[in-house]
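Read the structure below first, then the notes.
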2 protein chains.
Amino acid sequence: MHRTHTCGELRLQNVGEKVILSGWVNQIRDKGGLIWIDLRDRYGIIQILIEESSTDTETIAKARSLGREFVVKTEGTVSERTSKNDKIPTGEIEIKINSLEILNPSKVPPFLIAEETDGGEDLRMKYRYLDLRRPNILSKLQLRHKLASEVRKYLDGQKFIEVETPVLIKSTPEGARDFLVPSRMNPQEFYALPQSPQTFKQLLMVSGFDKYYQIVKCFRDEDLRADRQPEFTQIDCEMSFVEREDVLQTFEGMVKHLFKEIKGVELPDFPRMTYQEAIENYGSDKPDLRFGMKFSELDQLAKGKGFKVFDDAEKIIAISVENCANYTRKQLDELTEWVKRPQIGMKGLIYVKYNQDGSLKSSVDKFFSQEDLKAWVDKCESKPGNLILVLAGETSLTRKAMNQLRLEMGDRLGLRNREEYQPLWVVDFPLMEYDEEMGRWHAMHHPFTSPVAKDMEKLKDTPKEVRANAYDMVINGIEIGGGSIRIHDREIQQIVFDALGFTKEEAFEQFGFLLQAFEYGAPPHGGIAFGFDRICALFGGVDSIRDFIAFPKNTSGRDVMISSPSKIDESQLKELHISLAKK
Amino acid sequence: MHRTHTCGELRLQNVGEKVILSGWVNQIRDKGGLIWIDLRDRYGIIQILIEESSTDTETIAKARSLGREFVVKTEGTVSERTSKNDKIPTGEIEIKINSLEILNPSKVPPFLIAEETDGGEDLRMKYRYLDLRRPNILSKLQLRHKLASEVRKYLDGQKFIEVETPVLIKSTPEGARDFLVPSRMNPQEFYALPQSPQTFKQLLMVSGFDKYYQIVKCFRDEDLRADRQPEFTQIDCEMSFVEREDVLQTFEGMVKHLFKEIKGVELPDFPRMTYQEAIENYGSDKPDLRFGMKFSELDQLAKGKGFKVFDDAEKIIAISVENCANYTRKQLDELTEWVKRPQIGMKGLIYVKYNQDGSLKSSVDKFFSQEDLKAWVDKCESKPGNLILVLAGETSLTRKAMNQLRLEMGDRLGLRNREEYQPLWVVDFPLMEYDEEMGRWHAMHHPFTSPVAKDMEKLKDTPKEVRANAYDMVINGIEIGGGSIRIHDREIQQIVFDALGFTKEEAFEQFGFLLQAFEYGAPPHGGIAFGFDRICALFGGVDSIRDFIAFPKNTSGRDVMISSPSKIDESQLKELHISLAKK
């Protein structure tokens, strides 16, 4: 037997019990007559005491030979500590040992196995199995498990059925790039790995599954940004005989359930905001509502006063930053440089200080009177002591830049508290967006997204104005999920395909089996997919998803621990009926 | 709103309620003045009644235009039926409708959507989304969901953590063939899809996860037998600081939990049988214990009496078949032909009829006296009325053939009742098996399987005799799971690698990162993996796993519904740095 207890469960009430414990040596302190070992496992840390006076020399020698991360088994008696440690749950007791067995030695780990480690990212990824021993990483994966478990508990309770959809599917030219898998049995043909189970979940609705979900791996062969992974996990859901409101209620309920069970937080009902409102008021379709600084448009007030920058601008946007009227010249210059960086791309930044005494001081006093400026601060519903920041230029660029500036000011002022949660639904997305490069309209979500009923007639002439029956769930400025009501009516589907410029042949080539399925009685249906890695990071209070994935890949798509991808044998290529392209 | 209730939940107590229901038209009966529609959804079937006398002509016309599988929405009042149907839960009521809306028409389905369908396998697979509407298929996938849910409930309760391991991993030349995925970002390199998360789960043990599980897709590019799928699902588990007994208890507990929750059956403790016993007594490492006919070896009794077939045989094996002494000549001839088929491969079949009157009649009366035959039936612990069947030949072939014959007789006599469950653990598998073709020893499980402690010294000289600390769970002759205690000691690992003929370089090339990980304090650990599709079929009472997979592939690895695999664009190949081999 390797253990009677784990390293985390013994307490004062166990004093006197004979126990067997196994775990990793976290730390050793050798004070001559006394040797202490901190023994660690997944469940906690417990102190082992070896008294030289009462222990045989062999055991003493063995204890002195231990190094960090050795795996040991020890038998002993639970005793009350003389000097207690109130930082750990086992801190009132220690184990006085009778015997010590080294189950496995360990080389010195290449970095410290502790919350604060000295290992850099690359080293930790190469030795990910050691990185995973760090309690903060382990706890992230435990949180992930708990989240998945609560998601299932909630959806099972709502009568959803989890159905596994296939991983080896068919490549479609639309959308992101597929990972492909050559077929050995079907020469010159390829499977694709799914970017999402979208078509399969719609087929399951046609099949009458009524309520489907799956926590499922999806794959995208994209150039990886810092926080993207080629394989990622979705909570994928679909429901039949529903309207938008049913879907929103069901999944607002799911996220409320998660917050209650995991965080002990009762979230109020989620506000709704249209895409248009989000863009106009926050310059983003995923606004962070933990703080104000809502946009005010100054076009009406600030144009025609001879300030060329404004007069030439398509849009003039202001935000009011609380209690920052005392910003120094240096701070304002630095902010100006910040918005002029190529990532933001603005030409400059205008400010108005609304001083505590009611006076107004701006960077454009030459062009605007105190009355003019007073009208601005009134428009911004600003209070004395606030700082108004103004950007101007082309509408879309200026909104994006002001969104960035707003988030930056939120960060600087500590308004983006990780323990505060402000969810919302963003609804009424445009159905289509124009792809400048391709010179055609694209489905913003996917071509099965239903238009909002009353916009249907605009599809032909003013497609830009057509709103989709689509929705995103946003929390703290992060889009954690999105979905739509799907088109189940063939005539409407045809109109949308027409508007997207799909010929009948193209549509059939790409979606043939789904369109065919729709001929046999498709119910009205809709769904949503959540980025599960993203939800984990949100609940874990960090930005990066990487530590919530046991074995992540780097930005080149490599797993540096197992050295994958790797070269393969010529014979394997041959079996797959492919050859390497010449370099 | 599409519905206030589902089609399965209304009862007599709802009479008088106004309801909205949506679903599929399962059947229509038009008796002139009265039209009945059976409306179906996932939850059940409910009868809709349209009375011509009290319904507007438009609704009547709409009702008459309906076809099977149309999707309709109807509003009406719950009423008590005059003639009740006790075969369905809603059989005491019907809905008298006020309005009827066709949500979606349907083409006539290519086969009957009913438990007993007229659709052949190929047609049903092409229209799998319609096949899935059949209540018996739907219920199989609901069972699968329930099983997965109970597996998670049990393992979560035992403090296991579900961890997602990567799908894009590294190809290893050992074992079955990998599916490969060319990397775009790492030219001329390939990922492989996992045949199992074996190495990752062992790494998680090194990481101190202590108890891991995952319900996970695995992939094998093998020529598919009738009931194999290129992608299949495992319940994959691993535990640290355990010995064999801990693993067996934990997972015996899991399977008992499933039987209790799903079937309401309390299974007794599972018997244990060594591999050697299983082979000697049943000719199989997965014996079906629902019935007897244990093997008896007649070598001692039947040799040296001048019957050349026996005298030349390496092994003579008998089974005693209850109450079949009255088999006719024709029946016995047919059985003889059965064992002579190439799939079985025996030269003939010997029988002894142990008649009710105690007399003995055999096909080899020329060579054996009544006393000889009496000794046989005694050895078989046979009762009067039984039929003794004897096969002889090379040991391994004869055991295999007798296993087949035993199962066949079990089937013929109706002894393999699908509602009876006889589980057992088969333990002490050989560590290695000799690969005639390769001329070397192979790990029977995998090269990290620990030998049984006391056999360690035999590794060098008599590897054949070394037993592995490996175990299979078998129920009703089906292996549903298997695993082993792993080697965590580097010296033992080296000895096993040596015995398997791995050079250090080969071992490092294949298992480098795992061997390296083991240098940093690997705990003693062991695990098991269950074939989840197989468990579903067992609980569903059928042999084929196919109907427990929502979208299965055929024996060529094709998904005929979505036409996958398929040709891809030249541009896609180019991006992946590969080209098609010339035909």
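Every chain in the structure tokens takes a letter, A first, then B, and so on in the order presented; its residues are numbered from 1, and the ligands are numbered from 1 following the presented order.
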(message) If we count only C-alpha atoms and set the cut-off at 7 Å, which residues sit around segment 501-517 of chain B, ignoring sequence neighbours fewer than 5 positions away in its own chain? Please answer as a VMD selection string.
(response) (chain A and resid 561 to 562) or (chain B and resid 172 199 203 206)
(request) May I ask you to extract the residues of chain B within 6 Å of chain A, using only C-alpha atoms, and to give them as a count of residues only? (result) 39
Could you pull the residues within 12 Å of segment 448-453 of chain B, counting only C-alpha atoms, minus those fewer than 3 positions along the same chain, as a CSV table (one decimal) with N, CA and C atoms, in the first residue's frame?
```csv
chain,number,residue,atom,x,y,z
B,198,GLN,N,-2.3,7.5,-24.1
B,198,GLN,CA,-1.4,6.8,-23.1
B,198,GLN,C,-0.3,7.6,-22.6
B,199,THR,N,0.6,8.2,-23.4
B,199,THR,CA,1.7,8.9,-22.9
B,199,THR,C,1.3,10.1,-22.2
B,202,GLN,N,0.2,9.3,-18.7
B,202,GLN,CA,1.4,9.0,-17.8
B,202,GLN,C,2.1,10.2,-17.4
B,243,GLU,N,-1.7,0.2,-6.4
B,243,GLU,CA,-1.3,-1.2,-6.8
B,243,GLU,C,-2.5,-1.7,-7.6
B,244,ARG,N,-2.3,-2.9,-8.2
B,244,ARG,CA,-3.3,-3.5,-9.0
B,244,ARG,C,-4.7,-3.5,-8.3
B,427,VAL,N,-6.6,-11.5,-15.4
B,427,VAL,CA,-5.3,-10.9,-14.9
B,427,VAL,C,-4.1,-11.8,-15.3
B,428,ASP,N,-2.9,-11.2,-15.0
B,428,ASP,CA,-1.7,-12.0,-15.2
B,428,ASP,C,-1.5,-12.4,-16.7
B,429,PHE,N,-1.7,-11.4,-17.5
B,429,PHE,CA,-1.4,-11.6,-18.9
B,429,PHE,C,0.1,-11.9,-19.1
B,430,PRO,N,0.5,-12.5,-20.2
B,430,PRO,CA,1.9,-12.6,-20.5
B,430,PRO,C,2.4,-11.2,-20.8
B,431,LEU,N,3.6,-10.9,-20.4
B,431,LEU,CA,4.2,-9.5,-20.6
B,431,LEU,C,4.4,-9.3,-22.1
B,432,MET,N,4.9,-10.4,-22.7
B,432,MET,CA,5.4,-10.3,-24.1
B,432,MET,C,4.8,-11.4,-24.9
B,442,HIS,N,7.3,-8.8,-28.6
B,442,HIS,CA,6.5,-7.6,-28.6
B,442,HIS,C,5.9,-7.4,-27.2
B,443,ALA,N,5.7,-6.2,-26.8
B,443,ALA,CA,5.0,-6.0,-25.5
B,443,ALA,C,3.5,-6.3,-25.9
B,444,MET,N,2.9,-7.1,-25.0
B,444,MET,CA,1.5,-7.5,-25.3
B,444,MET,C,0.6,-6.3,-25.1
B,445,HIS,N,0.8,-5.5,-24.0
B,445,HIS,CA,0.0,-4.3,-23.9
B,445,HIS,C,0.8,-3.1,-24.5
B,456,MET,N,10.1,-11.0,-12.2
B,456,MET,CA,11.1,-10.0,-12.7
B,456,MET,C,12.4,-10.7,-13.2
B,457,GLU,N,12.9,-11.7,-12.3
B,457,GLU,CA,14.1,-12.4,-12.6
B,457,GLU,C,14.1,-13.2,-13.9
B,458,LYS,N,12.9,-13.6,-14.3
B,458,LYS,CA,12.8,-14.4,-15.5
B,458,LYS,C,12.9,-13.6,-16.8
B,459,LEU,N,12.9,-12.3,-16.7
B,459,LEU,CA,12.8,-11.4,-17.9
B,459,LEU,C,13.9,-11.8,-18.9
B,463,PRO,N,11.6,-15.0,-21.0
B,463,PRO,CA,10.6,-13.8,-21.1
B,463,PRO,C,9.2,-14.3,-21.3
B,464,LYS,N,9.0,-15.5,-22.0
B,464,LYS,CA,7.7,-16.0,-22.2
B,464,LYS,C,6.9,-16.2,-21.0
B,465,GLU,N,7.7,-16.6,-19.9
B,465,GLU,CA,7.0,-16.9,-18.6
B,465,GLU,C,6.7,-15.7,-17.8
B,466,VAL,N,7.2,-14.5,-18.2
B,466,VAL,CA,6.9,-13.4,-17.3
B,466,VAL,C,5.5,-12.9,-17.5
B,467,ARG,N,4.9,-12.7,-16.3
B,467,ARG,CA,3.5,-12.2,-16.4
B,467,ARG,C,3.5,-10.7,-16.2
B,468,ALA,N,2.6,-10.1,-16.9
B,468,ALA,CA,2.4,-8.6,-16.8
B,468,ALA,C,1.5,-8.3,-15.7
B,469,ASN,N,1.7,-7.1,-15.0
B,469,ASN,CA,0.7,-6.7,-14.1
B,469,ASN,C,-0.4,-6.0,-14.8
B,470,ALA,N,-1.1,-6.7,-15.7
B,470,ALA,CA,-2.1,-6.2,-16.6
B,470,ALA,C,-3.4,-6.9,-16.4
B,471,TYR,N,-4.5,-6.3,-16.7
B,471,TYR,CA,-5.8,-6.8,-16.4
B,471,TYR,C,-6.8,-6.3,-17.5
B,482,GLY,N,-9.2,-2.6,-20.5
B,482,GLY,CA,-8.0,-3.2,-20.1
B,482,GLY,C,-7.0,-2.2,-19.7
B,483,GLY,N,-6.0,-2.6,-18.9
B,483,GLY,CA,-5.0,-1.7,-18.5
B,483,GLY,C,-3.9,-2.4,-17.7
B,484,SER,N,-3.1,-1.7,-17.1
B,484,SER,CA,-1.9,-2.3,-16.4
B,484,SER,C,-1.4,-1.3,-15.3
B,485,ILE,N,-0.6,-1.9,-14.4
B,485,ILE,CA,0.3,-1.1,-13.6
B,485,ILE,C,1.5,-0.8,-14.5
B,486,ARG,N,2.0,0.5,-14.5
B,486,ARG,CA,3.1,0.9,-15.3
B,486,ARG,C,4.4,0.7,-14.6
B,487,ILE,N,5.5,0.7,-15.4
B,487,ILE,CA,6.8,0.7,-14.8
B,487,ILE,C,7.2,2.1,-14.4
B,488,HIS,N,7.5,2.4,-13.2
B,488,HIS,CA,8.0,3.7,-12.9
B,488,HIS,C,9.5,3.7,-12.5
B,489,ASP,N,10.1,2.5,-12.5
B,489,ASP,CA,11.5,2.4,-12.1
B,489,ASP,C,12.3,2.3,-13.4
B,490,ARG,N,13.3,3.2,-13.5
B,490,ARG,CA,14.1,3.2,-14.7
B,490,ARG,C,14.9,1.9,-15.0
B,491,GLU,N,15.4,1.3,-13.9
B,491,GLU,CA,16.1,0.1,-14.1
B,491,GLU,C,15.3,-1.0,-14.7
B,492,ILE,N,14.1,-1.2,-14.2
B,492,ILE,CA,13.2,-2.2,-14.7
B,492,ILE,C,12.8,-1.9,-16.1
B,493,GLN,N,12.5,-0.6,-16.4
B,493,GLN,CA,12.2,-0.2,-17.7
B,493,GLN,C,13.3,-0.6,-18.7
B,494,GLN,N,14.6,-0.4,-18.3
B,494,GLN,CA,15.7,-0.7,-19.1
B,494,GLN,C,15.7,-2.2,-19.4
B,495,ILE,N,15.5,-3.0,-18.4
B,495,ILE,CA,15.5,-4.4,-18.6
B,495,ILE,C,14.4,-4.9,-19.5
B,496,VAL,N,13.2,-4.2,-19.4
B,496,VAL,CA,12.1,-4.6,-20.3
B,496,VAL,C,12.4,-4.1,-21.8
B,497,PHE,N,13.0,-2.9,-21.9
B,497,PHE,CA,13.4,-2.5,-23.2
B,497,PHE,C,14.4,-3.5,-23.8
B,499,ALA,N,14.7,-6.6,-23.1
B,499,ALA,CA,14.0,-7.9,-23.5
B,499,ALA,C,13.2,-7.7,-24.8
B,500,LEU,N,12.7,-6.5,-25.0
B,500,LEU,CA,11.9,-6.2,-26.2
B,500,LEU,C,12.8,-5.9,-27.4
B,507,ALA,N,14.6,3.4,-28.1
B,507,ALA,CA,13.7,3.7,-27.0
B,507,ALA,C,13.5,5.2,-26.8
B,511,PHE,N,10.1,7.2,-27.3
B,511,PHE,CA,9.5,7.5,-26.0
B,511,PHE,C,10.3,8.6,-25.2
B,514,LEU,N,8.8,10.9,-22.6
B,514,LEU,CA,8.3,10.2,-21.5
B,514,LEU,C,9.4,9.7,-20.6
B,515,LEU,N,10.4,9.1,-21.2
B,515,LEU,CA,11.6,8.6,-20.4
B,515,LEU,C,12.2,9.7,-19.7
B,518,PHE,N,10.2,10.7,-16.7
B,518,PHE,CA,10.4,9.7,-15.6
B,518,PHE,C,11.6,10.0,-14.8
B,524,PRO,N,4.6,5.7,-8.6
B,524,PRO,CA,4.0,4.4,-9.0
B,524,PRO,C,2.6,4.7,-9.6
B,525,HIS,N,2.3,4.2,-10.7
B,525,HIS,CA,1.0,4.5,-11.3
B,525,HIS,C,0.5,3.4,-12.2
B,526,GLY,N,-0.8,3.4,-12.4
B,526,GLY,CA,-1.4,2.4,-13.3
B,526,GLY,C,-2.8,2.9,-13.8
B,527,GLY,N,-3.3,2.3,-14.8
B,527,GLY,CA,-4.6,2.8,-15.3
B,527,GLY,C,-5.3,1.7,-16.1
B,528,ILE,N,-6.3,2.3,-16.8
B,528,ILE,CA,-7.2,1.4,-17.6
B,528,ILE,C,-7.8,2.2,-18.6
```
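The space separating atom CA of Phe310 of chain B from atom CA of Ala392 of chain B comes to 6.3 Å.
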(request) Please provide as a ChimeraX atom specification all residues within 10 Å of Phe291 of chain B, with the sequence filter that same-chain residues fewer than 4 positions apart are discarded (counting only C-alpha atoms). (result) /B:287,406-407,410,414-417,422,476
(message) Neighbouring residues of segment 367-371 of chain B were defined as those with any atom within 12 Å, considering only C-alpha atoms; residues of the same chain fewer than 2 positions away were excluded. Please report them as a PyMOL selection string.
(response) chain B and resi 301-311+350+352-354+358-365+373-378
(message) To test your reading of the structure, identify every residue in segment 80-133 of chain B that backbone DSSP assigns to strand (DSSP E), and report it as a list in words.
(response) Glu80, Ile93, Glu94, Ile95, Lys96, Ile97, Asn98, Ser99, Leu100, Glu101, Ile102, Leu103 and Asn104 of chain B
(request) Step one, run DSSP on the backbone; step two, keep only residues of segment 55-214 of chain B assigned to helix (DSSP H, G or I); then write them as a PyMOL selection string. (result) chain B and resi 57-65+121-126+128-131+135-157+198-206
Any chance you can output those residues with N, CA and C atoms as a short mmCIF file (atom, residue, chain, number, x, y, z; two decimals), in the first residue's frame?
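Contents of selection_5.cif, as written:
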```cif
data_model
loop_
_atom_site.label_atom_id
_atom_site.label_comp_id
_atom_site.auth_asym_id
_atom_site.auth_seq_id
_atom_site.Cartn_x
_atom_site.Cartn_y
_atom_site.Cartn_z
N THR B 57 -62.45 25.69 -42.94
CA THR B 57 -62.08 24.91 -44.12
C THR B 57 -60.60 25.06 -44.45
N GLU B 58 -60.04 26.21 -44.16
CA GLU B 58 -58.62 26.43 -44.46
C GLU B 58 -57.76 25.45 -43.66
N THR B 59 -58.09 25.32 -42.36
CA THR B 59 -57.33 24.42 -41.50
C THR B 59 -57.51 22.97 -41.95
N ILE B 60 -58.73 22.64 -42.32
CA ILE B 60 -59.00 21.29 -42.84
C ILE B 60 -58.14 21.01 -44.07
N ALA B 61 -58.12 22.00 -44.95
CA ALA B 61 -57.34 21.83 -46.18
C ALA B 61 -55.87 21.67 -45.86
N LYS B 62 -55.40 22.48 -44.91
CA LYS B 62 -54.00 22.39 -44.52
C LYS B 62 -53.69 20.99 -43.96
N ALA B 63 -54.60 20.52 -43.11
CA ALA B 63 -54.41 19.19 -42.50
C ALA B 63 -54.35 18.12 -43.58
N ARG B 64 -55.22 18.27 -44.59
CA ARG B 64 -55.25 17.25 -45.65
C ARG B 64 -54.02 17.33 -46.55
N SER B 65 -53.31 18.48 -46.51
CA SER B 65 -52.11 18.63 -47.35
C SER B 65 -50.86 18.07 -46.67
N GLU B 121 -29.16 -0.77 -44.94
CA GLU B 121 -28.03 -0.13 -44.26
C GLU B 121 -27.48 1.07 -45.06
N ASP B 122 -27.24 0.87 -46.35
CA ASP B 122 -26.61 1.92 -47.15
C ASP B 122 -27.49 3.15 -47.23
N LEU B 123 -28.77 2.91 -47.46
CA LEU B 123 -29.71 4.02 -47.59
C LEU B 123 -29.82 4.77 -46.26
N ARG B 124 -29.89 4.02 -45.19
CA ARG B 124 -30.03 4.65 -43.88
C ARG B 124 -28.79 5.47 -43.52
N MET B 125 -27.63 5.01 -43.95
CA MET B 125 -26.40 5.75 -43.66
C MET B 125 -26.31 7.04 -44.48
N LYS B 126 -26.79 6.96 -45.73
CA LYS B 126 -26.78 8.15 -46.58
C LYS B 126 -27.70 9.22 -45.99
N ARG B 128 -28.57 9.47 -42.77
CA ARG B 128 -28.43 9.17 -41.34
C ARG B 128 -29.29 10.12 -40.50
N TYR B 129 -29.43 11.38 -40.95
CA TYR B 129 -30.23 12.34 -40.16
C TYR B 129 -31.69 11.91 -40.07
N LEU B 130 -32.16 11.12 -41.03
CA LEU B 130 -33.52 10.57 -40.94
C LEU B 130 -33.53 9.28 -40.12
N ASP B 131 -32.48 8.48 -40.32
CA ASP B 131 -32.33 7.25 -39.54
C ASP B 131 -32.34 7.56 -38.05
N PRO B 135 -37.13 5.98 -33.34
CA PRO B 135 -37.05 6.01 -31.87
C PRO B 135 -36.01 5.05 -31.29
N ASN B 136 -35.79 3.90 -31.94
CA ASN B 136 -34.80 2.96 -31.39
C ASN B 136 -33.37 3.45 -31.56
N ILE B 137 -33.11 4.26 -32.58
CA ILE B 137 -31.76 4.81 -32.75
C ILE B 137 -31.57 5.98 -31.79
N LEU B 138 -32.57 6.86 -31.75
CA LEU B 138 -32.54 7.98 -30.81
C LEU B 138 -32.30 7.50 -29.39
N SER B 139 -32.99 6.42 -29.01
CA SER B 139 -32.86 5.95 -27.64
C SER B 139 -31.47 5.40 -27.37
N LYS B 140 -30.81 4.86 -28.41
CA LYS B 140 -29.44 4.38 -28.22
C LYS B 140 -28.50 5.54 -27.94
N LEU B 141 -28.70 6.67 -28.60
CA LEU B 141 -27.82 7.81 -28.35
C LEU B 141 -28.16 8.49 -27.02
N GLN B 142 -29.41 8.36 -26.61
CA GLN B 142 -29.76 8.86 -25.28
C GLN B 142 -29.10 7.99 -24.20
N LEU B 143 -29.09 6.68 -24.46
CA LEU B 143 -28.41 5.76 -23.53
C LEU B 143 -26.93 6.11 -23.44
N ARG B 144 -26.32 6.39 -24.58
CA ARG B 144 -24.91 6.76 -24.60
C ARG B 144 -24.67 8.00 -23.73
N HIS B 145 -25.51 8.98 -23.89
CA HIS B 145 -25.39 10.21 -23.08
C HIS B 145 -25.50 9.90 -21.59
N LYS B 146 -26.47 9.07 -21.26
CA LYS B 146 -26.70 8.71 -19.86
C LYS B 146 -25.49 7.95 -19.29
N LEU B 147 -24.93 7.07 -20.11
CA LEU B 147 -23.76 6.30 -19.67
C LEU B 147 -22.56 7.24 -19.42
N ALA B 148 -22.33 8.14 -20.35
CA ALA B 148 -21.20 9.08 -20.19
C ALA B 148 -21.41 9.91 -18.95
N SER B 149 -22.64 10.33 -18.76
CA SER B 149 -22.97 11.17 -17.63
C SER B 149 -22.74 10.43 -16.30
N GLU B 150 -23.12 9.16 -16.24
CA GLU B 150 -22.92 8.37 -15.02
C GLU B 150 -21.44 8.03 -14.80
N VAL B 151 -20.72 7.80 -15.88
CA VAL B 151 -19.26 7.58 -15.75
C VAL B 151 -18.63 8.81 -15.10
N ARG B 152 -18.99 9.97 -15.60
CA ARG B 152 -18.42 11.21 -15.05
C ARG B 152 -18.84 11.41 -13.60
N LYS B 153 -20.10 11.11 -13.31
CA LYS B 153 -20.59 11.29 -11.95
C LYS B 153 -19.77 10.42 -10.98
N TYR B 154 -19.57 9.17 -11.36
CA TYR B 154 -18.82 8.25 -10.50
C TYR B 154 -17.37 8.71 -10.33
N LEU B 155 -16.71 9.01 -11.45
CA LEU B 155 -15.28 9.34 -11.38
C LEU B 155 -15.07 10.69 -10.69
N ASP B 156 -15.95 11.65 -10.94
CA ASP B 156 -15.87 12.93 -10.22
C ASP B 156 -15.98 12.68 -8.72
N GLY B 157 -16.89 11.78 -8.36
CA GLY B 157 -17.08 11.45 -6.95
C GLY B 157 -15.85 10.82 -6.32
N GLN B 198 -2.28 7.51 -24.07
CA GLN B 198 -1.41 6.77 -23.15
C GLN B 198 -0.26 7.60 -22.58
N THR B 199 0.58 8.16 -23.45
CA THR B 199 1.75 8.85 -22.92
C THR B 199 1.34 10.11 -22.16
N PHE B 200 0.30 10.79 -22.63
CA PHE B 200 -0.12 12.00 -21.93
C PHE B 200 -0.67 11.69 -20.55
N LYS B 201 -1.39 10.59 -20.43
CA LYS B 201 -1.92 10.31 -19.10
C LYS B 201 -0.81 9.91 -18.16
N GLN B 202 0.23 9.27 -18.69
CA GLN B 202 1.37 8.95 -17.83
C GLN B 202 2.12 10.23 -17.44
N LEU B 203 2.22 11.17 -18.38
CA LEU B 203 2.84 12.46 -18.05
C LEU B 203 2.03 13.19 -16.97
N LEU B 204 0.72 13.07 -17.04
CA LEU B 204 -0.12 13.72 -16.01
C LEU B 204 0.13 13.10 -14.64
N MET B 205 0.45 11.83 -14.61
CA MET B 205 0.80 11.21 -13.33
C MET B 205 2.14 11.77 -12.82
N VAL B 206 3.09 11.91 -13.74
CA VAL B 206 4.37 12.54 -13.37
C VAL B 206 4.11 13.96 -12.84
#
```
